[in-house]
Amino acid sequence: MDNPDSRPGVRAVLFDRDGTLVHDVPYNGDPEQVHLVDGAVAALERVRAAGVLTGVVTNQSGVGRGLITAEQADAVTAEVVRRLGGVDVVRTCPHAPGDGCGCRKPAPGLVLAAAAALGLCPGDVAVVGDSSTDAGAARAAGARSVLVPGPRTPGAEPDGADHAHAPDLAAALDLLLAPRAAR
């Protein structure tokens, strides 16, 4: 039996899609415009190798705004997932900012739904994203978060994440996959 203190502190890592796993193309409805950020494939491989589940949680307000269809948003997400080698769960909010839904980050709905689909408590989950909305959704759900600022991240946002921020996906995973005894 393995030592529980040597296992990672989280059982699932949920990643934001745009700006975190892929270069952000506003309201992208074209899978051909999917370009993974440096280190995205290695990050997912590392999480899987640690025995930790993976997921994508993404706001897609272009659907609610009528700029792209749900099918286009889903096709882009499917291409991201394909290029990453698969994930265990995907949850998408198709609503516009003013719709008042409970799934649009920073509301907790996407994180709670992903955790439930994985059979986990939100406290066993971490969210990695490039926006305070990602950190806010994690916090509201009772999950951990790490902010990885990108080109579109406002300068004041790193304070919103549990682990202030990490310069890239690899550093974010250093924080999240450290054995419990090391934290």
# chains A, B, ... in the order shown; residues from 1 in each chain; ligands from 1
>>> residues_around(residues="Cys93 (chain A)", least_positions_apart="3", cutoff="7 Å", atoms="only C-alpha atoms", output="compact mmCIF listing (two decimals) with all heavy atoms, in the first residue's frame")
# COMPACT_ATOMS: atom_id res chain seq x y z
N THR A 58 -14.86 25.48 -19.37
CA THR A 58 -14.71 26.63 -20.25
C THR A 58 -15.99 27.43 -20.41
O THR A 58 -17.06 26.86 -20.63
CB THR A 58 -14.18 26.17 -21.63
OG1 THR A 58 -14.04 27.31 -22.48
CG2 THR A 58 -15.07 25.14 -22.29
N ASN A 59 -15.87 28.75 -20.26
CA ASN A 59 -16.95 29.66 -20.61
C ASN A 59 -16.90 29.88 -22.11
O ASN A 59 -15.83 30.17 -22.65
CB ASN A 59 -16.76 31.03 -19.94
CG ASN A 59 -17.05 31.03 -18.46
OD1 ASN A 59 -17.66 30.13 -17.93
ND2 ASN A 59 -16.63 32.10 -17.80
N GLN A 60 -18.02 29.75 -22.77
CA GLN A 60 -18.10 30.01 -24.21
C GLN A 60 -19.26 30.96 -24.48
O GLN A 60 -20.29 30.59 -25.04
CB GLN A 60 -18.22 28.70 -24.98
CG GLN A 60 -16.99 27.83 -24.91
CD GLN A 60 -15.76 28.53 -25.47
OE1 GLN A 60 -15.80 29.11 -26.54
NE2 GLN A 60 -14.67 28.49 -24.71
N CYS A 103 -23.48 28.41 -13.98
CA CYS A 103 -22.32 27.67 -14.50
C CYS A 103 -21.23 28.60 -15.02
O CYS A 103 -20.08 28.19 -15.11
CB CYS A 103 -22.74 26.66 -15.57
SG CYS A 103 -23.60 27.32 -17.00
N ARG A 104 -21.55 29.83 -15.35
CA ARG A 104 -20.55 30.72 -15.92
C ARG A 104 -19.53 31.13 -14.86
O ARG A 104 -19.88 31.71 -13.84
CB ARG A 104 -21.21 31.96 -16.52
CG ARG A 104 -20.22 32.89 -17.17
CD ARG A 104 -20.90 34.03 -17.92
NE ARG A 104 -19.90 34.96 -18.36
CZ ARG A 104 -19.05 34.77 -19.36
NH1 ARG A 104 -19.10 33.65 -20.04
NH2 ARG A 104 -18.15 35.67 -19.68
>>> residues_around(residues="Leu169 (chain A)", least_positions_apart="3", cutoff="7 Å", atoms="only C-alpha atoms", output="list in words")
Gly39, Ala43, Val148, Ala172 and Leu173 of chain A
>>> write_last_selection(atoms="N, CA and C atoms", output="PDB file, in the first residue's frame")
ATOM      1  N   GLY A  39       3.825  23.618 -23.777  1.00  0.00           N
ATOM      2  CA  GLY A  39       3.773  22.831 -22.552  1.00  0.00           C
ATOM      3  C   GLY A  39       2.422  22.214 -22.236  1.00  0.00           C
ATOM      4  N   ALA A  43       1.966  18.978 -19.901  1.00  0.00           N
ATOM      5  CA  ALA A  43       1.248  19.183 -18.637  1.00  0.00           C
ATOM      6  C   ALA A  43       0.195  18.105 -18.434  1.00  0.00           C
ATOM      7  N   VAL A 148      -2.301  31.042 -14.035  1.00  0.00           N
ATOM      8  CA  VAL A 148      -1.158  31.096 -14.943  1.00  0.00           C
ATOM      9  C   VAL A 148      -1.428  32.276 -15.883  1.00  0.00           C
ATOM     10  N   ALA A 172       2.675  25.522 -12.361  1.00  0.00           N
ATOM     11  CA  ALA A 172       1.376  25.315 -11.710  1.00  0.00           C
ATOM     12  C   ALA A 172       1.268  23.879 -11.218  1.00  0.00           C
ATOM     13  N   LEU A 173       1.715  22.944 -12.038  1.00  0.00           N
ATOM     14  CA  LEU A 173       1.642  21.543 -11.638  1.00  0.00           C
ATOM     15  C   LEU A 173       2.631  21.220 -10.533  1.00  0.00           C
TER      16      LEU A 173
END
>>> closest_residue(among="A:Val90, A:Ala126, A:Ala137, A:Val63", to="Gly109 (chain A)", atoms="only C-alpha atoms")
A:Ala137
>>> closest_residue(among="A:Arg65, A:Leu84, A:Pro122, A:Leu176", to="Asp99 (chain A)", atoms="only C-alpha atoms")
A:Arg65
>>> closest_residue(among="A:Gly119, A:Pro31, A:Gly19, A:Gly98", to="Ser131 (chain A)", atoms="only C-alpha atoms")
A:Gly19
>>> select_by_dssp(residues="region 39-117 of chain A", states="strand (DSSP E or B)", output="NGL selection string")
:A and (53-59 or 89-93)
>>> closest_residue(among="A:Gly102, A:Pro151, A:Gly55, A:Gly66", to="Gly85 (chain A)", atoms="only C-alpha atoms")
A:Gly55
>>> residues_around(residues="region 22-25 of chain A", least_positions_apart="2", cutoff="8 Å", atoms="only C-alpha atoms", output="list of chain:residue names")
A:Arg17, A:Asp18, A:Gly19, A:Thr20, A:Tyr27, A:Asn28, A:Gln33, A:Val34, A:His35, A:Leu36, A:Val37, A:Ala40, A:Val80
>>> residues_around(residues="Glu71 (chain A)", least_positions_apart="4", cutoff="9 Å", atoms="only C-alpha atoms", output="list in words")
Gly29, Ala75 and Val76 of chain A
>>> closest_residue(among="A:Val128, A:Val57, A:Ala143, A:Ala96", to="Thr77 (chain A)", atoms="only C-alpha atoms")
A:Val57
>>> closest_residue(among="A:Gly51, A:Gly86, A:Pro26, A:Gly123", to="Ala138 (chain A)", atoms="only C-alpha atoms")
A:Gly123
>>> select_by_dssp(residues="region 22-180 of chain A", states="helix (DSSP H, G or I)", output="ChimeraX atom specification")
/A:31-33,40-49,61-64,70-84,97-99,109-117,122-124,132-141,157-160,169-176,180
>>> write_last_selection(atoms="C-alpha atoms", output="PDB file, in the first residue's frame")
ATOM      1  CA  PRO A  31     -11.057  23.853 -34.957  1.00  0.00           C
ATOM      2  CA  GLU A  32      -8.340  24.753 -37.480  1.00  0.00           C
ATOM      3  CA  GLN A  33      -7.534  27.820 -35.357  1.00  0.00           C
ATOM      4  CA  ALA A  40       0.073  21.935 -22.730  1.00  0.00           C
ATOM      5  CA  VAL A  41       0.573  18.346 -23.914  1.00  0.00           C
ATOM      6  CA  ALA A  42       3.397  17.754 -21.434  1.00  0.00           C
ATOM      7  CA  ALA A  43       1.248  19.183 -18.637  1.00  0.00           C
ATOM      8  CA  LEU A  44      -1.633  16.802 -19.335  1.00  0.00           C
ATOM      9  CA  GLU A  45       0.759  13.873 -19.674  1.00  0.00           C
ATOM     10  CA  ARG A  46       2.319  14.775 -16.328  1.00  0.00           C
ATOM     11  CA  VAL A  47      -1.059  14.971 -14.588  1.00  0.00           C
ATOM     12  CA  ARG A  48      -2.133  11.620 -16.010  1.00  0.00           C
ATOM     13  CA  ALA A  49       1.218  10.029 -15.082  1.00  0.00           C
ATOM     14  CA  SER A  61     -20.151  33.201 -24.192  1.00  0.00           C
ATOM     15  CA  GLY A  62     -19.948  33.401 -27.982  1.00  0.00           C
ATOM     16  CA  VAL A  63     -22.750  30.837 -28.029  1.00  0.00           C
ATOM     17  CA  GLY A  64     -25.007  32.915 -25.771  1.00  0.00           C
ATOM     18  CA  ALA A  70     -22.915  25.347 -29.623  1.00  0.00           C
ATOM     19  CA  GLU A  71     -21.794  22.825 -32.247  1.00  0.00           C
ATOM     20  CA  GLN A  72     -18.903  25.083 -33.297  1.00  0.00           C
ATOM     21  CA  ALA A  73     -17.820  25.616 -29.674  1.00  0.00           C
ATOM     22  CA  ASP A  74     -18.023  21.865 -29.053  1.00  0.00           C
ATOM     23  CA  ALA A  75     -16.000  21.133 -32.209  1.00  0.00           C
ATOM     24  CA  VAL A  76     -13.232  23.458 -31.037  1.00  0.00           C
ATOM     25  CA  THR A  77     -13.215  21.871 -27.582  1.00  0.00           C
ATOM     26  CA  ALA A  78     -13.158  18.391 -29.145  1.00  0.00           C
ATOM     27  CA  GLU A  79     -10.110  19.388 -31.192  1.00  0.00           C
ATOM     28  CA  VAL A  80      -8.365  20.725 -28.084  1.00  0.00           C
ATOM     29  CA  VAL A  81      -9.101  17.488 -26.231  1.00  0.00           C
ATOM     30  CA  ARG A  82      -7.919  15.401 -29.193  1.00  0.00           C
ATOM     31  CA  ARG A  83      -4.630  17.279 -29.396  1.00  0.00           C
ATOM     32  CA  LEU A  84      -4.103  16.902 -25.661  1.00  0.00           C
ATOM     33  CA  PRO A  97     -22.399  37.211 -19.118  1.00  0.00           C
ATOM     34  CA  GLY A  98     -25.804  38.727 -18.323  1.00  0.00           C
ATOM     35  CA  ASP A  99     -27.751  35.458 -18.395  1.00  0.00           C
ATOM     36  CA  GLY A 109     -21.336  25.410 -11.514  1.00  0.00           C
ATOM     37  CA  LEU A 110     -18.731  24.139 -13.992  1.00  0.00           C
ATOM     38  CA  VAL A 111     -16.319  23.079 -11.259  1.00  0.00           C
ATOM     39  CA  LEU A 112     -19.068  21.415  -9.218  1.00  0.00           C
ATOM     40  CA  ALA A 113     -20.423  19.586 -12.290  1.00  0.00           C
ATOM     41  CA  ALA A 114     -16.966  18.387 -13.330  1.00  0.00           C
ATOM     42  CA  ALA A 115     -16.141  17.200  -9.800  1.00  0.00           C
ATOM     43  CA  ALA A 116     -19.470  15.356  -9.582  1.00  0.00           C
ATOM     44  CA  ALA A 117     -18.934  13.721 -12.986  1.00  0.00           C
ATOM     45  CA  PRO A 122     -14.730  19.802  -4.920  1.00  0.00           C
ATOM     46  CA  GLY A 123     -12.011  19.911  -2.247  1.00  0.00           C
ATOM     47  CA  ASP A 124     -10.177  17.162  -4.149  1.00  0.00           C
ATOM     48  CA  SER A 132      -9.667  35.691 -11.900  1.00  0.00           C
ATOM     49  CA  THR A 133     -12.933  34.094 -13.063  1.00  0.00           C
ATOM     50  CA  ASP A 134     -11.188  30.696 -13.016  1.00  0.00           C
ATOM     51  CA  ALA A 135      -9.884  31.296  -9.489  1.00  0.00           C
ATOM     52  CA  GLY A 136     -13.262  32.633  -8.425  1.00  0.00           C
ATOM     53  CA  ALA A 137     -15.082  29.553  -9.687  1.00  0.00           C
ATOM     54  CA  ALA A 138     -12.650  27.310  -7.843  1.00  0.00           C
ATOM     55  CA  ARG A 139     -12.989  29.314  -4.639  1.00  0.00           C
ATOM     56  CA  ALA A 140     -16.811  29.367  -4.869  1.00  0.00           C
ATOM     57  CA  ALA A 141     -16.858  25.591  -5.373  1.00  0.00           C
ATOM     58  CA  GLU A 157      -5.371  39.271 -11.290  1.00  0.00           C
ATOM     59  CA  PRO A 158      -2.678  37.007  -9.777  1.00  0.00           C
ATOM     60  CA  ASP A 159      -3.870  37.865  -6.252  1.00  0.00           C
ATOM     61  CA  GLY A 160      -7.136  35.989  -6.912  1.00  0.00           C
ATOM     62  CA  LEU A 169       1.663  25.195 -16.683  1.00  0.00           C
ATOM     63  CA  ALA A 170       4.697  23.236 -15.467  1.00  0.00           C
ATOM     64  CA  ALA A 171       5.115  25.509 -12.445  1.00  0.00           C
ATOM     65  CA  ALA A 172       1.376  25.315 -11.710  1.00  0.00           C
ATOM     66  CA  LEU A 173       1.642  21.543 -11.638  1.00  0.00           C
ATOM     67  CA  ASP A 174       4.687  21.737  -9.361  1.00  0.00           C
ATOM     68  CA  LEU A 175       2.366  23.383  -6.831  1.00  0.00           C
ATOM     69  CA  LEU A 176      -0.525  20.992  -7.321  1.00  0.00           C
ATOM     70  CA  ARG A 180       0.977  16.017   0.584  1.00  0.00           C
TER      71      ARG A 180
END
